[in-house]
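Q: Next up, start07.cif (mmCIF, C-alpha atoms).
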```cif
data_structure
#
loop_
_atom_site.label_atom_id
_atom_site.label_comp_id
_atom_site.auth_asym_id
_atom_site.auth_seq_id
_atom_site.Cartn_x
_atom_site.Cartn_y
_atom_site.Cartn_z
CA MET A 1338 108.14 115.16 87.00
CA LEU A 1339 107.83 112.20 89.43
CA LYS A 1340 104.38 111.33 88.12
CA ILE A 1341 105.55 111.49 84.49
CA THR A 1342 108.57 109.33 85.32
CA PHE A 1343 106.40 106.75 87.03
CA ILE A 1344 103.94 106.62 84.13
CA ILE A 1345 106.83 106.01 81.72
CA SER A 1346 108.29 103.34 84.03
CA THR A 1347 104.93 101.62 84.33
CA TRP A 1348 104.51 101.67 80.55
CA ILE A 1349 107.98 100.17 80.06
CA CYS A 1350 107.24 97.52 82.66
CA ALA A 1351 103.89 96.68 81.07
CA THR A 1352 105.61 96.41 77.70
CA LEU A 1353 108.21 94.04 79.15
CA SER A 1354 105.58 91.69 80.56
CA LEU A 1355 102.60 92.02 78.23
CA ALA A 1356 104.28 92.02 74.83
CA PRO A 1357 106.05 88.64 75.11
CA ARG A 1358 103.31 86.97 77.16
CA GLU A 1359 102.74 84.19 74.63
CA ASP A 1360 106.49 83.62 74.45
CA LEU A 1361 106.69 83.40 78.23
CA ILE A 1362 104.11 80.62 78.24
CA LYS A 1363 105.78 78.79 75.34
CA THR A 1364 108.98 78.41 77.35
CA LEU A 1365 107.23 76.84 80.34
CA LYS A 1366 107.57 73.21 81.24
CA PHE A 1367 104.20 73.40 82.98
CA LYS A 1368 101.98 75.12 80.45
CA PRO A 1369 98.50 76.16 81.61
CA ASP A 1370 96.63 73.34 79.88
CA ARG A 1371 98.88 70.76 81.50
CA MET A 1372 97.37 71.70 84.86
CA THR A 1373 94.11 69.76 85.22
CA LYS A 1374 92.13 68.72 88.25
CA THR A 1375 93.12 65.12 87.61
CA SER A 1376 96.84 65.84 87.20
CA ILE A 1377 96.98 67.97 90.36
CA LEU A 1378 95.17 65.38 92.46
CA ARG A 1379 97.42 62.65 91.09
CA GLU A 1380 100.78 64.42 91.33
CA HIS A 1381 100.58 67.03 94.11
CA ASP A 1382 102.56 64.95 96.60
CA ASN A 1383 105.34 63.88 94.22
CA LEU A 1384 108.80 65.32 94.82
CA ASN A 1385 111.64 65.45 92.28
CA ASP A 1386 114.77 67.43 91.38
CA ASP A 1387 113.94 68.09 87.72
CA PHE A 1388 114.69 71.83 88.04
CA HIS A 1389 117.48 71.51 90.60
CA GLN A 1390 120.92 72.53 89.34
CA PRO A 1391 123.44 71.83 92.12
CA ASN A 1392 126.41 73.03 90.04
CA SER A 1393 124.68 75.98 88.40
CA GLN A 1394 126.42 79.34 88.15
CA LEU A 1395 123.02 80.95 88.75
CA GLU A 1396 123.00 82.09 92.36
CA LEU A 1397 119.33 82.60 93.16
CA THR A 1398 118.45 83.10 96.81
CA GLN A 1399 115.59 80.77 97.77
CA LEU A 1400 114.13 81.36 101.23
CA ALA A 1401 111.29 79.39 102.78
CA TYR A 1402 109.23 80.56 105.75
CA ILE A 1403 108.12 77.81 108.14
CA THR A 1404 105.22 78.54 110.48
CA PRO A 1405 104.28 76.55 113.61
CA TRP A 1406 100.62 76.65 112.55
CA ASN A 1407 101.37 74.91 109.22
CA ARG A 1408 103.67 72.24 110.64
CA GLY A 1409 103.97 70.28 107.41
CA GLY A 1410 106.51 72.90 106.37
CA TYR A 1411 109.05 71.49 108.83
CA ASP A 1412 109.06 68.08 107.16
CA LEU A 1413 109.03 69.55 103.65
CA ALA A 1414 112.01 71.78 104.47
CA GLU A 1415 114.00 68.74 105.58
CA LYS A 1416 113.17 66.89 102.36
CA THR A 1417 114.12 69.84 100.15
CA ALA A 1418 116.89 71.46 102.22
CA HIS A 1419 119.38 70.90 99.40
CA LYS A 1420 117.42 73.38 97.26
CA LEU A 1421 117.12 76.16 99.82
CA THR A 1422 119.65 78.86 100.59
CA HIS A 1423 117.73 80.16 103.62
CA VAL A 1424 115.06 78.84 105.98
CA SER A 1425 113.14 81.22 108.22
CA PRO A 1426 111.08 79.57 110.96
CA VAL A 1427 108.52 82.06 112.26
CA TRP A 1428 109.36 81.80 115.95
CA PHE A 1429 110.15 85.06 117.72
CA GLN A 1430 108.55 88.33 118.81
CA ALA A 1431 110.26 91.49 120.06
CA ARG A 1432 108.00 93.20 122.57
CA PRO A 1433 108.49 96.39 124.61
CA SER A 1434 110.21 96.07 127.98
CA GLN A 1435 109.76 98.81 130.58
CA ILE A 1436 111.29 99.65 133.94
CA ASP A 1437 109.10 101.80 136.21
CA GLY A 1438 106.91 102.64 133.22
CA VAL A 1439 109.84 103.81 131.07
CA LEU A 1440 110.81 101.94 127.90
CA ASN A 1441 114.23 100.39 128.46
CA THR A 1442 114.76 97.75 125.78
CA CYS A 1443 112.80 94.92 124.18
CA LYS A 1444 112.13 91.39 125.37
CA ILE A 1445 112.33 88.38 123.08
CA GLU A 1446 109.53 85.84 123.23
CA GLY A 1447 108.91 82.56 121.42
CA MET A 1448 112.00 80.64 122.58
CA HIS A 1449 109.80 77.59 123.28
CA GLU A 1450 109.31 77.17 119.52
CA ILE A 1451 112.98 76.40 118.82
CA LYS A 1452 113.39 72.91 117.32
CA ARG A 1453 117.09 72.08 117.72
CA ASP A 1454 116.92 68.56 116.25
CA TRP A 1455 115.24 69.98 113.16
CA LEU A 1456 117.91 72.68 112.80
CA GLU A 1457 120.62 70.03 113.06
CA SER A 1458 118.89 67.90 110.43
CA LEU A 1459 118.69 70.83 107.99
CA ARG A 1460 122.41 71.50 108.35
CA GLU A 1461 123.25 67.83 107.86
CA LYS A 1462 121.33 67.87 104.57
CA ASN A 1463 122.77 71.21 103.42
CA GLU A 1464 125.87 72.52 105.16
CA LYS A 1465 125.55 75.87 103.36
CA ILE A 1466 121.95 76.58 104.40
CA LYS A 1467 121.35 79.75 106.42
CA ILE A 1468 118.91 79.51 109.35
CA VAL A 1469 117.37 82.99 109.75
CA PRO A 1470 114.32 82.84 112.05
CA ARG A 1471 111.84 85.69 111.73
CA ILE A 1472 111.40 88.13 114.58
CA ILE A 1473 108.48 90.56 114.47
CA PHE A 1474 108.11 93.74 116.52
CA ASP A 1475 104.74 92.99 118.06
CA GLU A 1476 102.34 94.68 120.52
CA TRP A 1477 103.99 98.10 120.48
CA SER A 1478 101.77 101.12 121.13
CA SER A 1479 102.28 104.28 119.12
CA GLU A 1480 103.96 105.98 122.08
CA GLN A 1481 106.27 103.02 122.74
CA MET A 1482 107.31 102.74 119.10
CA LYS A 1483 108.01 106.49 118.86
CA ALA A 1484 110.08 106.39 122.05
CA PHE A 1485 111.97 103.35 120.75
CA LEU A 1486 112.85 104.90 117.38
CA MET A 1487 113.72 108.32 118.81
CA ASP A 1488 116.00 107.02 121.58
CA ALA A 1489 119.13 105.62 119.94
CA GLN A 1490 120.39 104.03 123.19
CA THR A 1491 117.15 102.15 123.82
CA ALA A 1492 117.09 100.89 120.25
CA LYS A 1493 120.77 99.90 120.45
CA ARG A 1494 120.17 97.86 123.62
CA CYS A 1495 117.28 96.08 121.95
CA PHE A 1496 119.18 95.36 118.75
CA GLU A 1497 122.21 94.07 120.66
CA ASP A 1498 119.98 91.86 122.83
CA ILE A 1499 118.42 90.36 119.69
CA ALA A 1500 121.77 89.85 117.94
CA ASN A 1501 123.32 88.26 121.04
CA PHE A 1502 120.31 85.97 121.46
CA TYR A 1503 120.56 84.79 117.86
CA SER A 1504 124.31 84.28 118.19
CA ARG A 1505 123.99 82.29 121.43
CA ASN A 1506 121.53 79.99 119.69
CA GLN A 1507 123.94 79.43 116.79
CA LEU A 1508 121.64 80.97 114.20
CA ASP A 1509 122.90 82.51 110.95
CA GLY A 1510 120.86 85.70 111.02
CA ALA A 1511 117.30 86.99 111.15
CA VAL A 1512 114.37 88.12 109.10
CA VAL A 1513 113.29 91.29 110.92
CA GLU A 1514 109.77 92.66 110.56
CA LEU A 1515 109.99 96.20 111.89
CA TYR A 1516 109.49 98.55 108.96
CA MET A 1517 105.76 98.01 108.39
CA GLN A 1518 105.05 97.33 112.06
CA ALA A 1519 106.45 100.77 112.96
CA LEU A 1520 104.34 102.46 110.26
CA ILE A 1521 101.23 100.68 111.51
CA SER A 1522 101.94 101.53 115.17
CA ILE A 1523 102.66 105.20 114.57
CA GLN A 1524 100.20 105.72 111.69
CA SER A 1525 102.44 108.20 109.92
CA LEU A 1526 104.61 108.07 106.81
CA GLN A 1527 106.76 110.88 108.18
CA ILE A 1528 108.63 108.38 110.35
CA LYS A 1529 110.06 106.35 107.45
CA SER A 1530 113.51 107.96 107.44
CA VAL A 1531 113.86 107.34 111.19
CA ILE A 1532 112.90 103.68 110.75
CA ILE A 1533 115.50 103.21 108.01
CA GLU A 1534 118.15 104.87 110.16
CA SER A 1535 117.32 102.48 113.01
CA LEU A 1536 117.57 99.50 110.67
CA HIS A 1537 121.07 100.62 109.70
CA ASP A 1538 121.95 100.42 113.41
CA LEU A 1539 120.38 96.98 113.68
CA LYS A 1540 122.53 95.73 110.82
CA LYS A 1541 125.65 96.85 112.67
CA SER A 1542 124.69 94.73 115.69
CA PHE A 1543 124.25 91.65 113.49
CA ARG A 1544 127.31 92.33 111.34
CA LYS A 1545 129.57 92.50 114.40
CA LEU A 1546 128.56 88.90 115.15
CA HIS A 1547 128.92 87.80 111.50
CA MET A 1548 125.21 87.23 110.94
CA GLN A 1549 122.90 88.17 108.09
CA VAL A 1550 119.88 90.44 108.40
CA ILE A 1551 116.87 90.45 106.08
CA TYR A 1552 114.14 93.09 106.16
CA THR A 1553 110.60 92.94 104.83
CA VAL A 1554 108.72 95.77 103.13
CA PRO A 1555 105.15 96.02 101.80
CA ALA A 1556 104.33 95.98 98.11
CA PRO A 1557 104.92 99.57 96.87
CA LEU A 1558 102.00 99.75 94.43
CA GLU A 1559 98.22 99.82 94.64
CA TRP A 1560 96.01 97.56 92.53
CA ASP A 1561 96.16 100.09 89.67
CA ASN A 1562 99.99 100.19 89.76
CA GLN A 1563 100.07 103.64 91.34
CA PRO A 1564 102.54 104.19 94.23
CA ASN A 1565 101.08 103.80 97.72
CA ASN A 1566 104.01 105.75 99.24
CA LEU A 1567 104.64 103.07 101.86
CA ILE A 1568 108.12 102.79 100.37
CA THR A 1569 109.70 104.70 97.48
CA PRO A 1570 112.59 103.61 95.23
CA GLY A 1571 114.94 105.97 97.06
CA GLU A 1572 113.93 104.63 100.47
CA TYR A 1573 114.27 101.10 99.18
CA ARG A 1574 117.84 101.72 98.02
CA LYS A 1575 118.73 103.06 101.48
CA LEU A 1576 117.16 100.01 103.07
CA THR A 1577 119.10 97.58 100.87
CA ASP A 1578 122.27 99.33 102.06
CA ALA A 1579 121.23 98.36 105.59
CA ALA A 1580 120.57 94.68 104.83
CA ASP A 1581 121.87 91.52 103.25
CA PHE A 1582 118.46 91.11 101.59
CA VAL A 1583 115.12 92.91 101.52
CA GLN A 1584 111.92 91.02 100.80
CA ILE A 1585 109.09 92.75 98.96
CA MET A 1586 105.69 91.34 99.95
CA THR A 1587 104.51 90.80 96.39
CA TYR A 1588 101.31 89.02 97.38
CA ASP A 1589 98.01 89.90 99.07
CA TYR A 1590 96.92 91.97 96.05
CA ARG A 1591 93.77 93.98 96.80
CA GLY A 1592 91.79 95.09 93.73
CA ASN A 1593 88.26 96.24 93.07
CA LYS A 1594 87.30 92.70 91.98
CA PRO A 1595 88.70 89.16 92.36
CA ALA A 1596 91.93 89.07 90.36
CA GLY A 1597 94.24 86.61 92.06
CA VAL A 1598 96.68 86.67 94.98
CA ALA A 1599 99.55 88.26 93.05
CA PRO A 1600 98.58 89.17 89.47
CA TYR A 1601 101.57 88.80 87.15
CA ASP A 1602 101.79 92.39 85.86
CA TRP A 1603 101.36 93.86 89.35
CA PHE A 1604 103.97 91.43 90.73
CA GLU A 1605 106.44 92.48 88.04
CA SER A 1606 105.63 96.19 88.35
CA CYS A 1607 106.39 96.11 92.09
CA ILE A 1608 109.85 94.65 91.44
CA PHE A 1609 110.53 96.97 88.50
CA TYR A 1610 109.41 100.07 90.40
CA LEU A 1611 111.76 99.45 93.33
CA GLY A 1612 114.63 98.41 91.09
CA GLY A 1613 115.19 94.71 91.83
CA GLY A 1614 118.79 93.55 92.17
CA THR A 1615 120.56 90.69 93.91
CA LYS A 1616 119.60 91.92 97.38
CA THR A 1617 115.88 91.76 96.53
CA LEU A 1618 113.64 88.83 97.42
CA ALA A 1619 110.24 88.67 95.72
CA GLY A 1620 107.51 87.25 97.94
CA LEU A 1621 105.99 84.07 96.48
CA ASN A 1622 102.71 82.81 97.92
CA PHE A 1623 102.06 79.12 98.50
CA TYR A 1624 98.51 79.92 99.71
CA GLY A 1625 95.38 81.01 97.88
CA TYR A 1626 92.28 83.17 98.20
CA GLU A 1627 88.65 82.12 98.06
CA PHE A 1628 86.27 84.89 96.99
CA SER A 1629 82.61 84.41 97.92
CA LYS A 1630 79.69 86.72 98.65
CA GLY A 1631 81.81 89.82 99.12
CA LYS A 1632 84.35 88.25 101.46
CA VAL A 1633 87.85 86.86 101.00
CA ASP A 1634 89.33 83.91 102.89
CA ALA A 1635 92.90 82.64 102.72
CA ILE A 1636 93.07 78.93 101.94
CA THR A 1637 95.79 76.29 102.13
CA PHE A 1638 96.35 72.96 100.39
CA ASP A 1639 93.82 70.94 102.40
CA ARG A 1640 90.83 73.13 101.55
CA TYR A 1641 92.00 73.40 97.92
CA LEU A 1642 92.34 69.65 97.42
CA LYS A 1643 88.95 69.03 99.01
CA VAL A 1644 87.21 71.46 96.65
CA LEU A 1645 89.24 70.22 93.68
CA LYS A 1646 87.74 66.73 94.10
CA SER A 1647 84.19 68.01 93.60
CA ASP A 1648 82.49 67.34 90.26
CA LYS A 1649 80.85 70.76 90.56
CA THR A 1650 84.09 72.72 90.19
CA THR A 1651 85.90 73.92 87.06
CA LEU A 1652 89.60 74.71 86.76
CA SER A 1653 90.80 77.31 84.25
CA PHE A 1654 93.72 79.67 83.63
CA ASP A 1655 93.12 83.39 84.11
CA GLU A 1656 95.25 85.06 81.43
CA ASN A 1657 94.99 88.44 83.14
CA SER A 1658 96.44 87.42 86.50
CA MET A 1659 98.38 84.49 85.03
CA GLU A 1660 97.03 82.31 87.83
CA HIS A 1661 94.79 79.26 87.82
CA LYS A 1662 91.32 79.71 89.27
CA LEU A 1663 88.81 77.17 90.48
CA LYS A 1664 85.12 77.99 90.10
CA THR A 1665 82.67 76.48 92.56
CA PRO A 1666 78.89 76.99 92.66
CA THR A 1667 79.35 79.70 95.33
CA SER A 1668 82.92 81.01 95.04
CA VAL A 1669 86.07 81.52 93.00
CA ILE A 1670 89.39 80.22 94.30
CA TYR A 1671 92.77 81.51 93.15
CA TYR A 1672 95.47 79.10 94.27
CA PRO A 1673 99.04 78.66 92.99
CA SER A 1674 99.84 76.11 90.32
CA LEU A 1675 103.07 74.87 88.81
CA THR A 1676 102.29 77.21 85.90
CA SER A 1677 101.82 80.38 87.95
CA LEU A 1678 104.85 79.65 90.12
CA GLU A 1679 107.12 78.78 87.20
CA LEU A 1680 106.18 82.07 85.52
CA ARG A 1681 107.11 84.08 88.60
CA ILE A 1682 110.32 82.18 89.34
CA ASN A 1683 111.38 82.72 85.71
CA MET A 1684 110.66 86.41 86.19
CA ALA A 1685 112.88 86.44 89.28
CA HIS A 1686 115.69 84.99 87.16
CA ARG A 1687 115.25 87.76 84.58
CA TYR A 1688 115.41 90.51 87.21
CA ASP A 1689 118.26 88.82 89.08
CA VAL A 1690 116.23 88.68 92.30
CA GLY A 1691 115.64 85.88 94.77
CA ILE A 1692 112.38 84.47 96.14
CA ALA A 1693 110.89 84.21 99.63
CA ILE A 1694 108.08 81.65 99.99
CA TRP A 1695 105.18 82.25 102.40
CA ASP A 1696 104.74 79.73 103.62
CA TYR A 1697 106.20 76.30 102.97
CA GLY A 1698 103.47 74.42 104.82
CA GLN A 1699 100.57 76.02 102.94
CA GLY A 1700 101.30 74.74 99.46
CA LEU A 1701 101.25 71.48 97.54
CA ASN A 1702 104.48 69.53 97.98
CA HIS A 1703 105.19 69.43 94.24
CA PHE A 1704 105.52 73.24 94.16
CA THR A 1705 109.05 72.72 95.50
CA ASN A 1706 110.00 70.78 92.36
CA LEU A 1707 110.41 74.15 90.64
CA LEU A 1708 113.26 75.27 92.91
CA ILE A 1709 116.66 75.27 91.26
#
```
Do you think you could lay out the structure here as C-alpha cells?

A:
Amino acid sequence: MLKITFIISTWICATLSLAPREDLIKTLKFKPDRMTKTSILREHDNLNDDFHQPNSQLELTQLAYITPWNRGGYDLAEKTAHKLTHVSPVWFQARPSQIDGVLNTCKIEGMHEIKRDWLESLREKNEKIKIVPRIIFDEWSSEQMKAFLMDAQTAKRCFEDIANFYSRNQLDGAVVELYMQALISIQSLQIKSVIIESLHDLKKSFRKLHMQVIYTVPAPLEWDNQPNNLITPGEYRKLTDAADFVQIMTYDYRGNKPAGVAPYDWFESCIFYLGGGTKTLAGLNFYGYEFSKGKVDAITFDRYLKVLKSDKTTLSFDENSMEHKLKTPTSVIYYPSLTSLELRINMAHRYDVGIAIWDYGQGLNHFTNLLI
C-alpha cells in the first residue's frame, strides 16, 4: 500500500510541475534566454529591491547561512538585511564532554567566531531579523552518540547548556544539526524515533528562554524520486512539532549522470513528499557543481565568473533540471542563475514554504534581488 501511495503521489507531483512548465517560464521576469554570459558578467554585482515587498501580506521565511570561509556573505547580509527574516552564521560546534571517561554533557566550541558589531549592524538595519547561529553536533563516536541519546539527563544538560549559552549571547535561537549527524554516527535508521524524541526535549530548553529552534533534515528522495528512508512523512510531521522550522536539504542531488545541483522536479518532489507547510524551509543553493572526468567539484562565484569570461565556454538552459549550465572544453558547470532561483522561489510561494540559502557568500550578489 505504501509503495502504491508513493507512486500516485509522485505522479501527482510530476503532473503539477511538468504539465505547466511552459506557463511557469512565461511568468518569470528572468526568462532563460535573458541570461547570457554578457548580461551575467555585466550585472552580477548590481543590487536592487525590485522583488522586495515590505508591506506584503505574504509571510515567506527567508533565511541566509553565513560561513566564515565565504566571508563576503557577512557584507552581503548587512546590505540585504531588510529582506531577510533569519540569518544563521555558521559558528558553533557541540562536542562530547566526558568526566573520567564517562559522557557528562557537551561542550560548545566556536565562540571566537562571534562578530558582535556585525550582529548589532544587522539589527539596526532590520529590527525584526532573527539571529539563529548554526550549531552542529560534531566529532561524536557511535558509542558517544548512543550514550547521549539514550541518557535523557545527559542530553538535557547538553541542551540546557546550549540554550543558556545562546541566551547569554542575546541570540534569537539556533539552527541545530543533530538529526543527520546522529544517523551518520550510529549508522542505523532504527535510532530515528529516539533522535526525534531528543529534539522535542531540545525545543523545550529553547522555548523556556523564548528562543526559536530550527532543525535540518536530508532530502528524503533518491535521484529517481524513490524514498531513501532517511526521513518519512510521518517522522517529518513529528519533527515539525518539535521545531519552529525544519529545513529540507533540497540540494546536492546525486544522479547517475550530471543533472544539476537541485533538479526542479526532484526539488519539488522532496517538498511534496514530506508535505510542505509554513514550518518548512526549502534549501536553496547559491553554489554550483563542476562535472569533469568522472569527478564533481563544488564551485563558488569566483570560479564561475572566471570560466564565464572564456571565449571557449557556452551557456545554455537545461530544460530537464531547469538550471543553466556552462560547457567548457573539459567540463560542464551547473551554477544558479536568476532564472533557476526565481523558479524555485516561486515554487516555495505555491507550497507556502520558506527558503534557506546555503550559503550567502557563495553566490552572485544579484541573486539576492529575487528576495521579497

Q: Name the residues in contact with A:Asp1538 at a cut-off of 9 Å, using all atoms listed in the file, excluding same-chain residues fewer than 2 positions from it; report them as a list in words.

A: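 Once the nearby chain positions are removed, what remains is Ala1489, Ala1492, Lys1493, Phe1496, Ile1533, Glu1534, Ser1535, Leu1536, Lys1540, Lys1541, Ser1542 and Ala1579 of chain A.
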
Q: Stretch 1589-1610 of chain A near stretch 1679-1698 of chain A within 12 Å: what's each residue's closest atom pair and its distance in Å to one decimal, counting only C-alpha atoms, ordered by chain then ascending residue number, as JSON lines?

A:
```
{"residue": "A:Asp1589", "atom": "CA", "partner": "A:Trp1695", "partner_atom": "CA", "distance": 11.0}
{"residue": "A:Ala1599", "atom": "CA", "partner": "A:Arg1681", "partner_atom": "CA", "distance": 9.7}
{"residue": "A:Pro1600", "atom": "CA", "partner": "A:Arg1681", "partner_atom": "CA", "distance": 10.0}
{"residue": "A:Tyr1601", "atom": "CA", "partner": "A:Arg1681", "partner_atom": "CA", "distance": 7.4}
{"residue": "A:Asp1602", "atom": "CA", "partner": "A:Arg1681", "partner_atom": "CA", "distance": 10.2}
{"residue": "A:Trp1603", "atom": "CA", "partner": "A:Arg1681", "partner_atom": "CA", "distance": 11.4}
{"residue": "A:Phe1604", "atom": "CA", "partner": "A:Arg1681", "partner_atom": "CA", "distance": 8.3}
{"residue": "A:Glu1605", "atom": "CA", "partner": "A:Met1684", "partner_atom": "CA", "distance": 7.6}
{"residue": "A:Ser1606", "atom": "CA", "partner": "A:Met1684", "partner_atom": "CA", "distance": 11.2}
{"residue": "A:Cys1607", "atom": "CA", "partner": "A:Tyr1688", "partner_atom": "CA", "distance": 11.7}
{"residue": "A:Ile1608", "atom": "CA", "partner": "A:Tyr1688", "partner_atom": "CA", "distance": 8.1}
{"residue": "A:Phe1609", "atom": "CA", "partner": "A:Tyr1688", "partner_atom": "CA", "distance": 8.2}
{"residue": "A:Tyr1610", "atom": "CA", "partner": "A:Tyr1688", "partner_atom": "CA", "distance": 11.7}
```

Q: Neighbouring residues of A:Phe1543 were defined as those with any atom within 12 Å, considering only C-alpha atoms; residues of the same chain fewer than 2 positions away were excluded. Please report them as an NGL selection string.

A: :A and (1469 or 1493 or 1495-1504 or 1508-1513 or 1536-1541 or 1545-1551 or 1579-1581)

Q: Write a file of the just-selected residues containing C-alpha atoms, as a PDB file, keeping the file's coordinate frame.

A:
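Done, and the output landed in result-v3.pdb:
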```
ATOM      1  CA  VAL A1469     117.370  82.990 109.750  1.00  0.00           C
ATOM      2  CA  LYS A1493     120.770  99.900 120.450  1.00  0.00           C
ATOM      3  CA  CYS A1495     117.280  96.080 121.950  1.00  0.00           C
ATOM      4  CA  PHE A1496     119.180  95.360 118.750  1.00  0.00           C
ATOM      5  CA  GLU A1497     122.210  94.070 120.660  1.00  0.00           C
ATOM      6  CA  ASP A1498     119.980  91.860 122.830  1.00  0.00           C
ATOM      7  CA  ILE A1499     118.420  90.360 119.690  1.00  0.00           C
ATOM      8  CA  ALA A1500     121.770  89.850 117.940  1.00  0.00           C
ATOM      9  CA  ASN A1501     123.320  88.260 121.040  1.00  0.00           C
ATOM     10  CA  PHE A1502     120.310  85.970 121.460  1.00  0.00           C
ATOM     11  CA  TYR A1503     120.560  84.790 117.860  1.00  0.00           C
ATOM     12  CA  SER A1504     124.310  84.280 118.190  1.00  0.00           C
ATOM     13  CA  LEU A1508     121.640  80.970 114.200  1.00  0.00           C
ATOM     14  CA  ASP A1509     122.900  82.510 110.950  1.00  0.00           C
ATOM     15  CA  GLY A1510     120.860  85.700 111.020  1.00  0.00           C
ATOM     16  CA  ALA A1511     117.300  86.990 111.150  1.00  0.00           C
ATOM     17  CA  VAL A1512     114.370  88.120 109.100  1.00  0.00           C
ATOM     18  CA  VAL A1513     113.290  91.290 110.920  1.00  0.00           C
ATOM     19  CA  LEU A1536     117.570  99.500 110.670  1.00  0.00           C
ATOM     20  CA  HIS A1537     121.070 100.620 109.700  1.00  0.00           C
ATOM     21  CA  ASP A1538     121.950 100.420 113.410  1.00  0.00           C
ATOM     22  CA  LEU A1539     120.380  96.980 113.680  1.00  0.00           C
ATOM     23  CA  LYS A1540     122.530  95.730 110.820  1.00  0.00           C
ATOM     24  CA  LYS A1541     125.650  96.850 112.670  1.00  0.00           C
ATOM     25  CA  LYS A1545     129.570  92.500 114.400  1.00  0.00           C
ATOM     26  CA  LEU A1546     128.560  88.900 115.150  1.00  0.00           C
ATOM     27  CA  HIS A1547     128.920  87.800 111.500  1.00  0.00           C
ATOM     28  CA  MET A1548     125.210  87.230 110.940  1.00  0.00           C
ATOM     29  CA  GLN A1549     122.900  88.170 108.090  1.00  0.00           C
ATOM     30  CA  VAL A1550     119.880  90.440 108.400  1.00  0.00           C
ATOM     31  CA  ILE A1551     116.870  90.450 106.080  1.00  0.00           C
ATOM     32  CA  ALA A1579     121.230  98.360 105.590  1.00  0.00           C
ATOM     33  CA  ALA A1580     120.570  94.680 104.830  1.00  0.00           C
ATOM     34  CA  ASP A1581     121.870  91.520 103.250  1.00  0.00           C
TER      35      ASP A1581
END
```

Q: Can you pull out the residues contacting stretch 1653-1666 of chain A? Cut-off 8 Å, using all atoms listed in the file, and skip same-chain residues under 3 positions away; I want them as a list in words.

A: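 Final neighbour list, sorted by chain and number: Pro1369, Asp1370, Ala1596, Gly1597, Ala1599, Pro1600, Tyr1601, Asp1602, Val1644, Leu1645, Lys1649, Thr1650, Val1669, Ile1670, Tyr1671, Tyr1672, Pro1673, Ser1674, Thr1676 and Ser1677 of chain A.
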
Q: May I have the selected residues written with C-alpha atoms, as a PDB file, in the coordinates of the input?

A:
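What landed in result03.pdb:
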```pdb
ATOM      1  CA  PRO A1369      98.500  76.160  81.610  1.00  0.00           C
ATOM      2  CA  ASP A1370      96.630  73.340  79.880  1.00  0.00           C
ATOM      3  CA  ALA A1596      91.930  89.070  90.360  1.00  0.00           C
ATOM      4  CA  GLY A1597      94.240  86.610  92.060  1.00  0.00           C
ATOM      5  CA  ALA A1599      99.550  88.260  93.050  1.00  0.00           C
ATOM      6  CA  PRO A1600      98.580  89.170  89.470  1.00  0.00           C
ATOM      7  CA  TYR A1601     101.570  88.800  87.150  1.00  0.00           C
ATOM      8  CA  ASP A1602     101.790  92.390  85.860  1.00  0.00           C
ATOM      9  CA  VAL A1644      87.210  71.460  96.650  1.00  0.00           C
ATOM     10  CA  LEU A1645      89.240  70.220  93.680  1.00  0.00           C
ATOM     11  CA  LYS A1649      80.850  70.760  90.560  1.00  0.00           C
ATOM     12  CA  THR A1650      84.090  72.720  90.190  1.00  0.00           C
ATOM     13  CA  VAL A1669      86.070  81.520  93.000  1.00  0.00           C
ATOM     14  CA  ILE A1670      89.390  80.220  94.300  1.00  0.00           C
ATOM     15  CA  TYR A1671      92.770  81.510  93.150  1.00  0.00           C
ATOM     16  CA  TYR A1672      95.470  79.100  94.270  1.00  0.00           C
ATOM     17  CA  PRO A1673      99.040  78.660  92.990  1.00  0.00           C
ATOM     18  CA  SER A1674      99.840  76.110  90.320  1.00  0.00           C
ATOM     19  CA  THR A1676     102.290  77.210  85.900  1.00  0.00           C
ATOM     20  CA  SER A1677     101.820  80.380  87.950  1.00  0.00           C
TER      21      SER A1677
END
```

Q: Pick out the closest residue to A:Gly1447 from this set: A:Val1427, A:Leu1365, A:Leu1678, A:Leu1400. Count all atoms listed in the file.

A: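 Nearest candidate to A:Gly1447 out of A:Val1427, A:Leu1365, A:Leu1678, A:Leu1400: A:Val1427.
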
Q: List the spatial neighbours of A:Gly1409 as a VMD selection string - criterion: any atom at most 10 Å away, all atoms listed in the file, same-chain residues fewer than 3 positions off excluded.

A: chain A and resid 1403 to 1406 1412 to 1414 1697 to 1700 1702

Q: From (110.8, 81.6, 124.5), in the file's coordinates, out to 12 Å: which residues are reached, counting only C-alpha atoms? Answer as a ChimeraX atom specification.

A: /A:1428-1431,1444-1452,1472,1502,1506

Q: Counting all atoms listed in the file, which residue out of A:Met1372, A:Leu1361, A:Leu1486, A:Ala1418 sits closest to A:Asp1386?

A: A:Ala1418

Q: Taking into account only C-alpha atoms, which residue in the set A:Thr1417, A:Gln1399, A:Glu1572, A:Lys1462 is nearest to A:Asn1385?

A: A:Thr1417

Q: Take stretch 1526-1532 of chain A, model N, CA and C atoms, and hand the result over as a short mmCIF file (atom, residue, chain, number, x, y, z; two decimals), in the frame of the given file.

A:
```
data_model
loop_
_atom_site.label_atom_id
_atom_site.label_comp_id
_atom_site.auth_asym_id
_atom_site.auth_seq_id
_atom_site.Cartn_x
_atom_site.Cartn_y
_atom_site.Cartn_z
N LEU A 1526 103.54 108.33 107.76
CA LEU A 1526 104.61 108.07 106.81
C LEU A 1526 105.82 108.96 107.05
N GLN A 1527 105.67 109.95 107.92
CA GLN A 1527 106.76 110.88 108.18
C GLN A 1527 107.91 110.22 108.94
N ILE A 1528 107.64 109.05 109.52
CA ILE A 1528 108.63 108.38 110.35
C ILE A 1528 109.55 107.47 109.55
N LYS A 1529 109.33 107.35 108.24
CA LYS A 1529 110.06 106.35 107.45
C LYS A 1529 111.57 106.52 107.52
N SER A 1530 112.06 107.74 107.43
CA SER A 1530 113.51 107.96 107.44
C SER A 1530 114.12 107.53 108.78
N VAL A 1531 113.38 107.73 109.86
CA VAL A 1531 113.86 107.34 111.19
C VAL A 1531 113.91 105.81 111.30
N ILE A 1532 112.91 105.14 110.74
CA ILE A 1532 112.90 103.68 110.75
C ILE A 1532 114.12 103.14 110.00
#
```
